[in-house]
Amino acid sequence: MIIIGEKLNGSIPSIGKAIAERNEKRIRSLAVKQEKAGADYLDVCASVPESEEVETLKWMLGLVQDASDLPICLDSPSPDTIVKAMPFVNKPGLINSVSMEGDKIAKIFPVIADTRWKCIALCSDENGIPDTAYKRLKVFERILAEADRHGISHNRLFIDPLVEMLCTSEDGISVILETIRGIRAMDADVHIIGAVSNISFNLPVRALINQTFAALAIGAGMDAGIIDPLNRDLIGSIYAAEACMGLDDYCMEYIGAFREGRIGPLTKE
(Lines give C-alpha, C1' and ligand atoms only; values in the text may rest on other atoms or scores of the structure.)
Protein backbone atom coordinates (compact mmCIF):
# COMPACT_ATOMS: atom_id res chain seq x y z
CA MET A 1 0.00 0.00 0.00
CA ILE A 2 1.08 3.56 -0.73
CA ILE A 3 1.12 5.30 2.64
CA ILE A 4 0.45 9.02 2.94
CA GLY A 5 1.47 10.14 6.42
CA GLU A 6 -1.37 12.15 7.95
CA LYS A 7 0.29 13.64 11.03
CA LEU A 8 1.32 17.08 9.70
CA ASN A 9 -2.20 18.44 9.67
CA GLY A 10 -3.27 21.56 11.52
CA SER A 11 -6.72 20.12 12.18
CA ILE A 12 -5.03 17.85 14.75
CA PRO A 13 -5.11 19.98 17.93
CA SER A 14 -1.48 19.37 18.92
CA ILE A 15 -0.27 20.20 15.41
CA GLY A 16 -2.53 23.24 15.19
CA LYS A 17 -0.88 24.44 18.41
CA ALA A 18 2.60 23.76 16.99
CA ILE A 19 1.73 25.74 13.84
CA ALA A 20 0.32 28.65 15.83
CA GLU A 21 3.45 28.75 17.99
CA ARG A 22 5.75 28.21 14.97
CA ASN A 23 7.27 25.20 16.72
CA GLU A 24 9.87 24.19 14.13
CA LYS A 25 11.20 21.26 16.18
CA ARG A 26 7.76 19.63 16.36
CA ILE A 27 7.14 19.90 12.61
CA ARG A 28 10.60 18.57 11.68
CA SER A 29 10.33 15.74 14.18
CA LEU A 30 7.01 14.49 12.78
CA ALA A 31 8.39 14.56 9.25
CA VAL A 32 11.38 12.43 10.26
CA LYS A 33 9.33 10.00 12.37
CA GLN A 34 6.82 9.36 9.58
CA GLU A 35 9.58 8.78 7.04
CA LYS A 36 11.31 6.28 9.35
CA ALA A 37 7.97 4.53 9.91
CA GLY A 38 7.65 3.83 6.18
CA ALA A 39 5.49 6.65 4.78
CA ASP A 40 5.70 7.18 1.01
CA TYR A 41 4.34 10.76 1.06
CA LEU A 42 3.98 13.37 3.77
CA ASP A 43 0.64 15.16 3.81
CA VAL A 44 1.09 18.83 4.69
CA CYS A 45 -2.08 20.71 5.65
CA ALA A 46 -2.12 24.05 7.45
CA SER A 47 -5.82 24.20 8.44
CA VAL A 48 -5.68 27.96 9.02
CA PRO A 49 -7.83 30.73 7.54
CA GLU A 50 -7.32 30.94 3.79
CA SER A 51 -5.82 34.43 4.10
CA GLU A 52 -2.95 32.89 6.11
CA GLU A 53 -2.75 29.55 4.36
CA VAL A 54 -0.15 30.10 1.66
CA GLU A 55 2.40 31.68 3.99
CA THR A 56 1.78 28.99 6.62
CA LEU A 57 2.22 26.24 4.04
CA LYS A 58 5.42 27.88 2.79
CA TRP A 59 6.78 27.80 6.35
CA MET A 60 5.71 24.18 6.92
CA LEU A 61 6.99 22.97 3.57
CA GLY A 62 10.38 24.51 4.17
CA LEU A 63 10.75 22.65 7.46
CA VAL A 64 9.36 19.35 6.22
CA GLN A 65 11.49 19.26 3.08
CA ASP A 66 14.58 20.20 5.04
CA ALA A 67 13.96 17.24 7.36
CA SER A 68 12.81 14.65 4.82
CA ASP A 69 13.27 13.78 1.15
CA LEU A 70 9.84 12.18 0.83
CA PRO A 71 7.48 13.67 -1.75
CA ILE A 72 4.81 16.02 -0.44
CA CYS A 73 1.06 15.55 -0.46
CA LEU A 74 -0.06 19.19 -0.69
CA ASP A 75 -3.34 19.45 1.17
CA SER A 76 -5.87 22.28 1.11
CA PRO A 77 -9.62 22.63 0.47
CA SER A 78 -8.80 25.68 -1.69
CA PRO A 79 -7.58 25.07 -5.25
CA ASP A 80 -6.24 28.63 -5.34
CA THR A 81 -4.10 27.95 -2.28
CA ILE A 82 -2.78 24.74 -3.82
CA VAL A 83 -1.73 26.47 -7.03
CA LYS A 84 -0.01 29.28 -5.10
CA ALA A 85 1.78 26.83 -2.78
CA MET A 86 3.00 24.43 -5.48
CA PRO A 87 6.17 26.49 -6.23
CA PHE A 88 7.31 25.89 -2.64
CA VAL A 89 7.38 22.11 -3.19
CA ASN A 90 10.79 20.88 -4.29
CA LYS A 91 9.61 18.05 -6.55
CA PRO A 92 6.29 16.90 -7.98
CA GLY A 93 4.16 15.15 -5.40
CA LEU A 94 0.47 14.61 -4.77
CA ILE A 95 -2.36 17.15 -4.75
CA ASN A 96 -5.01 16.68 -2.06
CA SER A 97 -7.55 17.13 -3.55
CA VAL A 98 -10.04 17.82 -6.35
CA SER A 99 -13.60 16.70 -7.01
CA MET A 100 -16.42 17.47 -9.41
CA GLU A 101 -17.63 20.08 -6.95
CA GLY A 102 -17.30 23.69 -8.09
CA ASP A 103 -14.24 24.64 -10.12
CA LYS A 104 -11.61 22.54 -8.35
CA ILE A 105 -10.74 20.35 -11.31
CA ALA A 106 -10.93 23.31 -13.67
CA LYS A 107 -8.27 25.09 -11.62
CA ILE A 108 -5.98 22.15 -10.80
CA PHE A 109 -5.97 19.84 -13.84
CA PRO A 110 -4.67 22.46 -16.32
CA VAL A 111 -1.84 23.33 -13.93
CA ILE A 112 -0.65 19.74 -13.44
CA ALA A 113 -1.42 18.47 -16.96
CA ASP A 114 2.12 18.65 -18.34
CA THR A 115 3.90 17.84 -15.08
CA ARG A 116 4.63 14.75 -13.00
CA TRP A 117 2.27 15.84 -10.23
CA LYS A 118 -0.31 13.28 -9.14
CA CYS A 119 -3.75 14.09 -7.77
CA ILE A 120 -6.33 12.77 -5.33
CA ALA A 121 -9.85 13.03 -6.76
CA LEU A 122 -12.95 12.58 -4.60
CA CYS A 123 -16.09 10.91 -5.93
CA SER A 124 -18.26 13.88 -4.95
CA ASP A 125 -19.88 16.58 -7.04
CA GLU A 126 -22.03 19.69 -6.82
CA ASN A 127 -24.66 17.67 -4.93
CA GLY A 128 -22.21 16.60 -2.22
CA ILE A 129 -21.42 12.99 -1.34
CA PRO A 130 -23.52 10.55 -3.41
CA ASP A 131 -25.48 8.09 -1.30
CA THR A 132 -24.97 5.06 -3.55
CA ALA A 133 -22.00 3.35 -5.17
CA TYR A 134 -23.66 3.75 -8.57
CA LYS A 135 -23.77 7.53 -8.22
CA ARG A 136 -20.17 7.68 -6.98
CA LEU A 137 -19.04 5.65 -9.97
CA LYS A 138 -20.83 8.08 -12.27
CA VAL A 139 -18.77 10.88 -10.69
CA PHE A 140 -15.66 8.74 -11.22
CA GLU A 141 -16.51 8.52 -14.93
CA ARG A 142 -16.70 12.32 -15.10
CA ILE A 143 -13.32 12.64 -13.37
CA LEU A 144 -11.75 10.27 -15.91
CA ALA A 145 -13.26 12.26 -18.75
CA GLU A 146 -11.71 15.47 -17.37
CA ALA A 147 -8.35 13.75 -16.93
CA ASP A 148 -8.48 12.54 -20.54
CA ARG A 149 -9.40 16.03 -21.73
CA HIS A 150 -6.27 17.41 -20.05
CA GLY A 151 -4.00 14.55 -21.08
CA ILE A 152 -3.49 13.30 -17.52
CA SER A 153 -2.70 9.58 -17.46
CA HIS A 154 -4.94 7.52 -15.22
CA ASN A 155 -2.03 6.18 -13.15
CA ARG A 156 -1.52 9.72 -11.83
CA LEU A 157 -4.98 9.68 -10.26
CA PHE A 158 -5.73 8.59 -6.70
CA ILE A 159 -9.48 8.09 -6.54
CA ASP A 160 -11.16 8.53 -3.17
CA PRO A 161 -14.41 6.53 -2.85
CA LEU A 162 -15.26 8.70 0.21
CA VAL A 163 -14.84 7.00 3.55
CA GLU A 164 -17.64 8.08 5.87
CA MET A 165 -18.33 7.49 9.55
CA LEU A 166 -19.43 3.95 10.28
CA CYS A 167 -21.68 5.04 13.15
CA THR A 168 -23.95 7.03 10.83
CA SER A 169 -24.27 4.29 8.23
CA GLU A 170 -27.29 2.01 7.93
CA ASP A 171 -25.45 -0.68 5.96
CA GLY A 172 -21.90 -0.62 7.31
CA ILE A 173 -19.25 -0.11 4.66
CA SER A 174 -21.07 -1.79 1.80
CA VAL A 175 -21.29 1.41 -0.28
CA ILE A 176 -17.59 2.12 0.18
CA LEU A 177 -16.53 -1.41 -0.73
CA GLU A 178 -18.89 -1.55 -3.71
CA THR A 179 -17.44 1.74 -4.94
CA ILE A 180 -13.86 0.49 -4.55
CA ARG A 181 -14.66 -2.70 -6.44
CA GLY A 182 -16.43 -0.73 -9.15
CA ILE A 183 -13.52 1.67 -9.62
CA ARG A 184 -11.06 -1.20 -9.84
CA ALA A 185 -13.25 -3.06 -12.35
CA MET A 186 -13.63 0.05 -14.52
CA ASP A 187 -9.97 1.07 -14.54
CA ALA A 188 -6.96 -0.98 -13.50
CA ASP A 189 -4.55 1.94 -13.76
CA VAL A 190 -5.91 4.39 -11.19
CA HIS A 191 -4.93 4.22 -7.55
CA ILE A 192 -7.68 3.99 -4.95
CA ILE A 193 -7.13 5.91 -1.74
CA GLY A 194 -9.00 6.43 1.49
CA ALA A 195 -8.69 8.41 4.70
CA VAL A 196 -8.83 5.29 6.85
CA SER A 197 -9.44 6.98 10.21
CA ASN A 198 -12.64 8.65 8.93
CA ILE A 199 -14.44 5.34 9.36
CA SER A 200 -14.15 5.32 13.16
CA PHE A 201 -15.13 8.86 14.20
CA ASN A 202 -17.26 8.91 17.37
CA LEU A 203 -16.69 5.22 18.11
CA PRO A 204 -14.83 3.64 21.03
CA VAL A 205 -11.59 1.72 20.42
CA ARG A 206 -11.17 3.46 17.08
CA ALA A 207 -7.97 1.59 16.28
CA LEU A 208 -9.84 -1.71 16.05
CA ILE A 209 -12.34 -0.32 13.54
CA ASN A 210 -9.55 1.28 11.49
CA GLN A 211 -7.56 -1.95 11.31
CA THR A 212 -10.57 -4.01 10.26
CA PHE A 213 -11.68 -1.49 7.66
CA ALA A 214 -8.18 -1.23 6.17
CA ALA A 215 -8.02 -5.00 5.67
CA LEU A 216 -11.46 -5.12 4.04
CA ALA A 217 -10.72 -2.14 1.79
CA ILE A 218 -7.44 -3.68 0.64
CA GLY A 219 -9.35 -6.84 -0.18
CA ALA A 220 -11.73 -4.79 -2.33
CA GLY A 221 -8.91 -3.07 -4.23
CA MET A 222 -7.72 -0.03 -2.28
CA ASP A 223 -3.97 0.43 -2.74
CA ALA A 224 -3.27 3.72 -0.94
CA GLY A 225 -4.23 5.26 2.37
CA ILE A 226 -4.01 8.51 4.28
CA ILE A 227 -3.06 7.07 7.65
CA ASP A 228 -0.91 7.42 10.74
CA PRO A 229 2.29 5.54 9.85
CA LEU A 230 3.35 5.66 13.51
CA ASN A 231 0.46 3.35 14.43
CA ARG A 232 2.26 0.00 14.41
CA ASP A 233 -0.94 -2.02 14.86
CA LEU A 234 -2.56 -0.43 11.81
CA ILE A 235 0.57 -0.76 9.70
CA GLY A 236 0.84 -4.39 10.77
CA SER A 237 -2.76 -5.04 9.72
CA ILE A 238 -2.06 -3.52 6.31
CA TYR A 239 1.02 -5.65 5.69
CA ALA A 240 -0.81 -8.74 6.95
CA ALA A 241 -3.83 -8.07 4.71
CA GLU A 242 -1.63 -7.64 1.64
CA ALA A 243 0.19 -10.87 2.45
CA CYS A 244 -3.09 -12.76 2.89
CA MET A 245 -4.44 -11.31 -0.38
CA GLY A 246 -1.46 -12.60 -2.33
CA LEU A 247 -0.22 -9.07 -2.96
CA ASP A 248 3.10 -9.71 -1.21
CA ASP A 249 5.20 -12.41 -2.89
CA TYR A 250 6.37 -14.94 -0.32
CA CYS A 251 5.44 -12.40 2.39
CA MET A 252 8.73 -10.59 1.82
CA GLU A 253 7.30 -7.11 2.46
CA TYR A 254 5.70 -8.33 5.68
CA ILE A 255 8.93 -9.96 6.82
CA GLY A 256 10.97 -6.90 5.85
CA ALA A 257 8.66 -4.57 7.81
CA PHE A 258 9.07 -6.80 10.87
CA ARG A 259 12.85 -6.91 10.57
CA GLU A 260 12.96 -3.12 10.23
CA GLY A 261 10.86 -2.74 13.37
CA ARG A 262 7.91 -1.10 11.62
CA ILE A 263 5.52 -3.83 12.76
CA GLY A 264 5.63 -6.06 15.78
CA PRO A 265 3.57 -7.56 18.56
CA LEU A 266 0.14 -5.96 18.88
CA THR A 267 -0.15 -3.20 21.44
CA LYS A 268 -1.50 -4.30 24.82
CA GLU A 269 -4.16 -2.03 26.30
# chains A, B, ... in the order shown; residues from 1 in each chain; ligands from 1
>>> select_by_dssp(residues="segment 96-217 of chain A", states="strand (DSSP E)", output="list in words")
Asn96, Ser97, Val98, Ser99, Met100, Lys118, Cys119, Ile120, Ala121, Leu122, Cys123, Ser124, Asp125, Leu157, Phe158, Ile159, Asp160, His191, Ile192, Ile193, Gly194 and Ala195 of chain A
>>> residues_around(residues="segment 8-20 of chain A", least_positions_apart="5", cutoff="7 Å", atoms="only C-alpha atoms", output="PyMOL selection string")
chain A and resi 26+30+43-47
>>> closest_residue(among="A:Cys123, A:Met222, A:Ile238, A:Val54", to="Val190 of chain A", atoms="only C-alpha atoms")
A:Met222
>>> closest_residue(among="A:Ile176, A:Ala37, A:Ile193, A:Val139", to="Asp228 of chain A", atoms="only C-alpha atoms")
A:Ala37
